[in-house]
Amino acid sequence: MGRADLLNDAVRAINAPHGLIAVYGKRGVGKSSLVRQLQQIALGDYTLIRKAGLSHCIPRRPRTYLTVYYQCDSTIEDTTALLSRLCNDQNDEDGLLRLVPNDGKEIVEFNRSKTISGGADLKVINWGVSGVESSKYARVVPGDVVQTFRNFISAVVAHQVRARTKRDGILILLDEIDVIKNKAGLGSLIKSISSDSVKFCVCGIAKEISALIADHESVQRLLEEGSLLVKPMPAAESEGIIVRAEELFGNNVVFNGDVKVKIGELSCGYPYFVQIIGKACIGKANEQGTKTVSDVVFQSVLDEIRSGQAFPTLESKYQRAIGTSEQREILLHLLAEQPEEETGITEESGRVYLRNTRKTADEFGITNVSQVIPRLIDKAYGPALVKVDDREGVYEFPDPVFRLYIRLRALSKS
C-alpha cells in the first residue's frame with residue numbers, strides 16, 4: 001500500500017463520527033509524521049491531501065476538531081502517569097491545559113505557527129477576565145487524576161468545542177505510546193470517554209493493534225475505520241522525500257537524479273533512513289563547496305558510513321552489539337543480509353533464520369552459532385535482535401534502520 005492509500009484511510013478515519021484511530025508499524029516508517037498529518041486534517045488543513053491528488057476523498061463537510069498532541073516517553077510508568085502528564089502539560093500549541101476553561105481565561109481563535117502547521121487551533125492569549133468561577137468549567141479532583149482528566153475533557157467539549165468554536169470535537173493524539181511500561185486501563189478509559197465529540201489517536205511501534213491497546217475488548221470495535229498500518233514506502237515515494245527537501249531549500253541544494261534513485265533503493269522504504277542519508281549528503285556537499293549532491297558527494301557519504309564515521313548513534317549501537325568478537329560481527333552482517341520475505345498482512349518483513357546462515361557462517365569459521373548469538377539478543381547490549389516465537393533460531397531486527405545500517409557498514413579490519 002502506497003502513502004496515497006494511507007492518506008485516503010487517514011481522511012476517512014478523521015471524518016468517521018465515532019471511533020479510535022491507531023497508527024502502528026515498525027520503527028522508522030514515518031508513523032509520527034502521519035500522526036502530525038492527521039492533526040492537520042483534523043484542524044481542517046487538507047493541503048497535503050490535495051497535493052497527493054486526493055481532493056475527491058475530502059468530504060463535502062469535513063469534520064474539524066480542537067487537537068491535543070502528546071509524545072510519550074519511557075519515564076511514563078502507567079496510564080495514571082500519562083493522564084497526569086496530559087493534565088499538567090502547558091505546551092501552548094499542543095497541550096490539553098491550554099484548552100481547559102478556567103478562572104480568568106479568555107480563549108480566542110488564533111493561527112498556529114507556520115513551522116507547526118497551516119491549520120487553526122486555540123491558544124490562551126488573554127488573562128484577567130473576572131467573575132468566572134473555575135468550578136463552572138473544569139474541576140481538579142485532588143488525588144484522582146482520572147476524574148480530573150474526565151472533567152477537563154468535558155469542560156473543553158462543553159465550553160470550547162460546542163459553545164465557542166463550533167467544532168465537531170476534540171482529538172487527542174498520543175504518539176509513541178508503546179514506550180509506556182504498563183498500559184493497563186488505558187483501553188477501557190478510551191472506550192468510556194470516546195464519543196461523537198471526543199476522539200483518540202494512539203501511535204506506536206507494533207505489529208498489531210492489540211500490542212498498543214489490549215485491555216478492553218470493545219476497543220476493537222472502535223477501530224473499524226481507524227486502523228492505520230504504516231508500511232515501508234515504495235521506492236518512488238522515498239525519492240519524493242528528496243524532491244520535497246530540494247523544494248524546502250529553494251533548490252539551493254540539488255540531488256542528481258541517479259543519487260535520488262540510489263538513496264531510495266538503499267532506504268528500503270524507511271523515510272527516516274532517507275532523511276539521515278540526505279542530511280549527510282547535504283553536509284558533505286557543504287564541506288566540498290558545492291550545491292550539487294553528485295555521485296562523488298554520495299560516494300563520500302557511503303565511505304563514511306562504511307567506516308563508521310557517518311552516524312554516531314547507529315555506530316555506537318553497532319559497537320555495543322558486536323563487542324570485541326569478530327565472529328559476532330560477521331554473524332550480525334550475515335543475518336542483516338538475509339533476503340526479506342513477506343510473512344503476513346501485519347508482519348511485512350524482518351524475520352531472519354539462523355538455519356539460512358549456518359552454512360555461510362561455517363565458511364567464516366563460526367562453528368558454534370549458539371555461543372555467538374546471546375549478546376545480540378541481550379537487552380543490555382541493544383538488543384540487536386529479538387526472538388520472534390518459540391521456534392528455534394527465528395529472530396527479528398527490532399530496528400529496521402539499524403539493519404539497513406549494518407548492511408552498509410563494512411566489517412571491521414582484524
# chains A, B, ... in the order shown; residues from 1 in each chain; ligands from 1

$ residues_around --residues "region 72-89 of chain A" --least-positions-apart "2" --cutoff "10 Å" --atoms "only C-alpha atoms" --output "NGL selection string"
:A and (68-70 or 91-92 or 94-98 or 100 or 140 or 144-150 or 152-153 or 172 or 174-187 or 189 or 203-204)

$ write_last_selection --atoms "C-alpha atoms" --output "tab-separated table (two decimals), in the first residue's frame"
chain	number	residue	atom	x	y	z
A	68	VAL	CA	-4.11	17.80	21.71
A	69	TYR	CA	-0.80	16.16	20.81
A	70	TYR	CA	1.48	14.48	23.32
A	91	ASN	CA	2.59	23.42	25.81
A	92	ASP	CA	0.85	26.42	24.27
A	94	ASP	CA	-0.43	21.13	21.62
A	95	GLY	CA	-1.20	20.79	25.35
A	96	LEU	CA	-4.58	19.93	26.85
A	97	LEU	CA	-4.30	22.55	29.60
A	98	ARG	CA	-4.36	25.43	27.11
A	100	VAL	CA	-9.33	24.00	29.56
A	140	VAL	CA	-9.36	19.42	39.59
A	144	ASP	CA	-7.88	11.45	41.33
A	145	VAL	CA	-6.17	12.25	38.05
A	146	VAL	CA	-8.58	10.04	36.08
A	147	GLN	CA	-11.61	12.08	37.16
A	148	THR	CA	-9.66	15.32	36.69
A	149	PHE	CA	-8.89	14.26	33.11
A	150	ARG	CA	-12.56	13.44	32.53
A	152	PHE	CA	-11.06	18.62	31.70
A	153	ILE	CA	-12.32	16.84	28.59
A	172	ILE	CA	-6.28	13.63	21.47
A	174	LEU	CA	-0.87	10.09	21.83
A	175	ASP	CA	2.39	9.42	19.99
A	176	GLU	CA	4.95	6.71	20.87
A	177	ILE	CA	2.52	5.10	23.29
A	178	ASP	CA	4.41	1.81	23.02
A	179	VAL	CA	7.11	3.12	25.40
A	180	ILE	CA	4.69	3.24	28.35
A	181	LYS	CA	5.62	0.32	30.59
A	182	ASN	CA	2.12	-0.52	31.86
A	183	LYS	CA	-0.85	0.47	29.71
A	184	ALA	CA	-3.43	-1.40	31.81
A	185	GLY	CA	-6.68	0.54	31.95
A	186	LEU	CA	-5.91	2.81	29.02
A	187	GLY	CA	-8.12	0.96	26.55
A	189	LEU	CA	-10.63	4.66	29.64
A	203	CYS	CA	0.53	5.64	17.75
A	204	GLY	CA	3.41	3.30	18.40

$ residues_around --residues "Cys281 (chain A)" --least-positions-apart "6" --cutoff "7 Å" --atoms "only C-alpha atoms" --output "PyMOL selection string"
chain A and resi 293+297-298+301

$ residues_around --residues "Val11 (chain A)" --least-positions-apart "4" --cutoff "12 Å" --atoms "only C-alpha atoms" --output "PyMOL selection string"
chain A and resi 4-7+15-17+21+34-35+37-46+48-50+54-59+62-64+225-228

$ write_last_selection --atoms "N, CA and C atoms" --output "mmCIF file, in the first residue's frame"
data_model
loop_
_atom_site.group_PDB
_atom_site.id
_atom_site.type_symbol
_atom_site.label_atom_id
_atom_site.label_comp_id
_atom_site.auth_asym_id
_atom_site.auth_seq_id
_atom_site.Cartn_x
_atom_site.Cartn_y
_atom_site.Cartn_z
ATOM 1 N N ALA A 4 -0.433 7.235 -0.675
ATOM 2 C CA ALA A 4 -1.695 7.822 -1.133
ATOM 3 C C ALA A 4 -2.870 7.053 -0.532
ATOM 4 N N ASP A 5 -2.781 5.731 -0.542
ATOM 5 C CA ASP A 5 -3.841 4.916 0.061
ATOM 6 C C ASP A 5 -3.929 5.161 1.562
ATOM 7 N N LEU A 6 -2.771 5.318 2.192
ATOM 8 C CA LEU A 6 -2.739 5.557 3.630
ATOM 9 C C LEU A 6 -3.375 6.904 3.972
ATOM 10 N N LEU A 7 -3.099 7.923 3.167
ATOM 11 C CA LEU A 7 -3.695 9.240 3.383
ATOM 12 C C LEU A 7 -5.209 9.196 3.184
ATOM 13 N N ASN A 15 -12.785 11.620 9.651
ATOM 14 C CA ASN A 15 -14.157 12.047 9.393
ATOM 15 C C ASN A 15 -15.208 11.042 9.832
ATOM 16 N N ALA A 16 -14.777 9.918 10.375
ATOM 17 C CA ALA A 16 -15.740 8.999 10.992
ATOM 18 C C ALA A 16 -16.231 9.636 12.285
ATOM 19 N N PRO A 17 -17.536 9.702 12.506
ATOM 20 C CA PRO A 17 -18.055 10.392 13.694
ATOM 21 C C PRO A 17 -17.677 9.724 15.008
ATOM 22 N N ILE A 21 -8.490 5.916 16.464
ATOM 23 C CA ILE A 21 -7.505 5.790 15.392
ATOM 24 C C ILE A 21 -6.243 5.178 15.984
ATOM 25 N N LEU A 34 2.863 10.777 10.083
ATOM 26 C CA LEU A 34 1.459 10.569 9.748
ATOM 27 C C LEU A 34 0.552 11.118 10.840
ATOM 28 N N VAL A 35 0.951 10.950 12.108
ATOM 29 C CA VAL A 35 0.148 11.474 13.213
ATOM 30 C C VAL A 35 0.036 12.995 13.116
ATOM 31 N N GLN A 37 0.210 14.677 10.403
ATOM 32 C CA GLN A 37 -0.666 14.971 9.278
ATOM 33 C C GLN A 37 -2.125 14.743 9.652
ATOM 34 N N LEU A 38 -2.374 13.728 10.475
ATOM 35 C CA LEU A 38 -3.735 13.524 10.991
ATOM 36 C C LEU A 38 -4.197 14.745 11.772
ATOM 37 N N GLN A 39 -3.276 15.326 12.532
ATOM 38 C CA GLN A 39 -3.606 16.534 13.291
ATOM 39 C C GLN A 39 -3.995 17.662 12.345
ATOM 40 N N GLN A 40 -3.249 17.814 11.262
ATOM 41 C CA GLN A 40 -3.565 18.866 10.295
ATOM 42 C C GLN A 40 -4.925 18.652 9.641
ATOM 43 N N ILE A 41 -5.205 17.399 9.282
ATOM 44 C CA ILE A 41 -6.503 17.091 8.685
ATOM 45 C C ILE A 41 -7.619 17.412 9.676
ATOM 46 N N ALA A 42 -7.402 17.051 10.939
ATOM 47 C CA ALA A 42 -8.411 17.320 11.964
ATOM 48 C C ALA A 42 -8.661 18.810 12.137
ATOM 49 N N LEU A 43 -7.627 19.613 11.930
ATOM 50 C CA LEU A 43 -7.764 21.063 12.043
ATOM 51 C C LEU A 43 -8.398 21.688 10.797
ATOM 52 N N GLY A 44 -8.602 20.860 9.769
ATOM 53 C CA GLY A 44 -9.222 21.342 8.547
ATOM 54 C C GLY A 44 -8.244 21.698 7.451
ATOM 55 N N ASP A 45 -6.962 21.360 7.636
ATOM 56 C CA ASP A 45 -5.936 21.657 6.635
ATOM 57 C C ASP A 45 -5.730 20.429 5.751
ATOM 58 N N TYR A 46 -6.198 20.484 4.515
ATOM 59 C CA TYR A 46 -6.111 19.360 3.588
ATOM 60 C C TYR A 46 -5.080 19.617 2.480
ATOM 61 N N LEU A 48 -1.879 18.742 2.051
ATOM 62 C CA LEU A 48 -1.158 17.564 1.572
ATOM 63 C C LEU A 48 -2.075 16.604 0.833
ATOM 64 N N ILE A 49 -3.296 16.507 1.284
ATOM 65 C CA ILE A 49 -4.258 15.623 0.621
ATOM 66 C C ILE A 49 -4.488 16.084 -0.818
ATOM 67 N N ARG A 50 -4.601 17.380 -0.994
ATOM 68 C CA ARG A 50 -4.804 17.913 -2.348
ATOM 69 C C ARG A 50 -3.552 17.728 -3.195
ATOM 70 N N LEU A 54 -5.731 13.765 -4.024
ATOM 71 C CA LEU A 54 -6.830 13.064 -3.362
ATOM 72 C C LEU A 54 -7.975 14.008 -2.975
ATOM 73 N N SER A 55 -8.136 15.084 -3.716
ATOM 74 C CA SER A 55 -9.201 16.045 -3.399
ATOM 75 C C SER A 55 -10.571 15.384 -3.384
ATOM 76 N N HIS A 56 -10.728 14.354 -4.201
ATOM 77 C CA HIS A 56 -12.020 13.675 -4.276
ATOM 78 C C HIS A 56 -12.341 12.908 -2.991
ATOM 79 N N CYS A 57 -11.331 12.705 -2.155
ATOM 80 C CA CYS A 57 -11.545 11.973 -0.895
ATOM 81 C C CYS A 57 -12.024 12.880 0.236
ATOM 82 N N ILE A 58 -11.949 14.191 0.020
ATOM 83 C CA ILE A 58 -12.329 15.137 1.066
ATOM 84 C C ILE A 58 -13.851 15.239 1.128
ATOM 85 N N PRO A 59 -14.441 15.019 2.288
ATOM 86 C CA PRO A 59 -15.907 15.104 2.402
ATOM 87 C C PRO A 59 -16.418 16.506 2.084
ATOM 88 N N PRO A 62 -16.222 18.453 5.894
ATOM 89 C CA PRO A 62 -15.246 17.752 6.732
ATOM 90 C C PRO A 62 -15.458 18.053 8.211
ATOM 91 N N ARG A 63 -15.215 17.052 9.046
ATOM 92 C CA ARG A 63 -15.248 17.257 10.488
ATOM 93 C C ARG A 63 -13.985 17.991 10.921
ATOM 94 N N THR A 64 -14.142 18.924 11.852
ATOM 95 C CA THR A 64 -12.987 19.650 12.381
ATOM 96 C C THR A 64 -12.938 19.508 13.897
ATOM 97 N N GLU A 225 -12.786 1.855 11.229
ATOM 98 C CA GLU A 225 -12.319 2.779 10.193
ATOM 99 C C GLU A 225 -11.044 3.512 10.604
ATOM 100 N N GLY A 226 -10.415 3.078 11.715
ATOM 101 C CA GLY A 226 -9.285 3.839 12.223
ATOM 102 C C GLY A 226 -7.992 3.074 12.374
ATOM 103 N N SER A 227 -7.878 1.917 11.744
ATOM 104 C CA SER A 227 -6.662 1.120 11.849
ATOM 105 C C SER A 227 -5.721 1.484 10.703
ATOM 106 N N LEU A 228 -4.604 2.133 11.023
ATOM 107 C CA LEU A 228 -3.679 2.621 10.001
ATOM 108 C C LEU A 228 -2.321 1.954 10.185
#

$ residues_around --residues "Ile330 (chain A)" --least-positions-apart "2" --cutoff "8 Å" --atoms "only C-alpha atoms" --output "list in words"
Glu326, Gln327, Arg328, Leu332, His333, Leu334, Ala361, Phe364 and Leu411 of chain A

$ select_by_dssp --residues "region 209-321 of chain A" --states "alpha helix (DSSP H)" --output "number ranges by chain"
A: 235-248, 257-267, 271-287, 295-306, 312-321
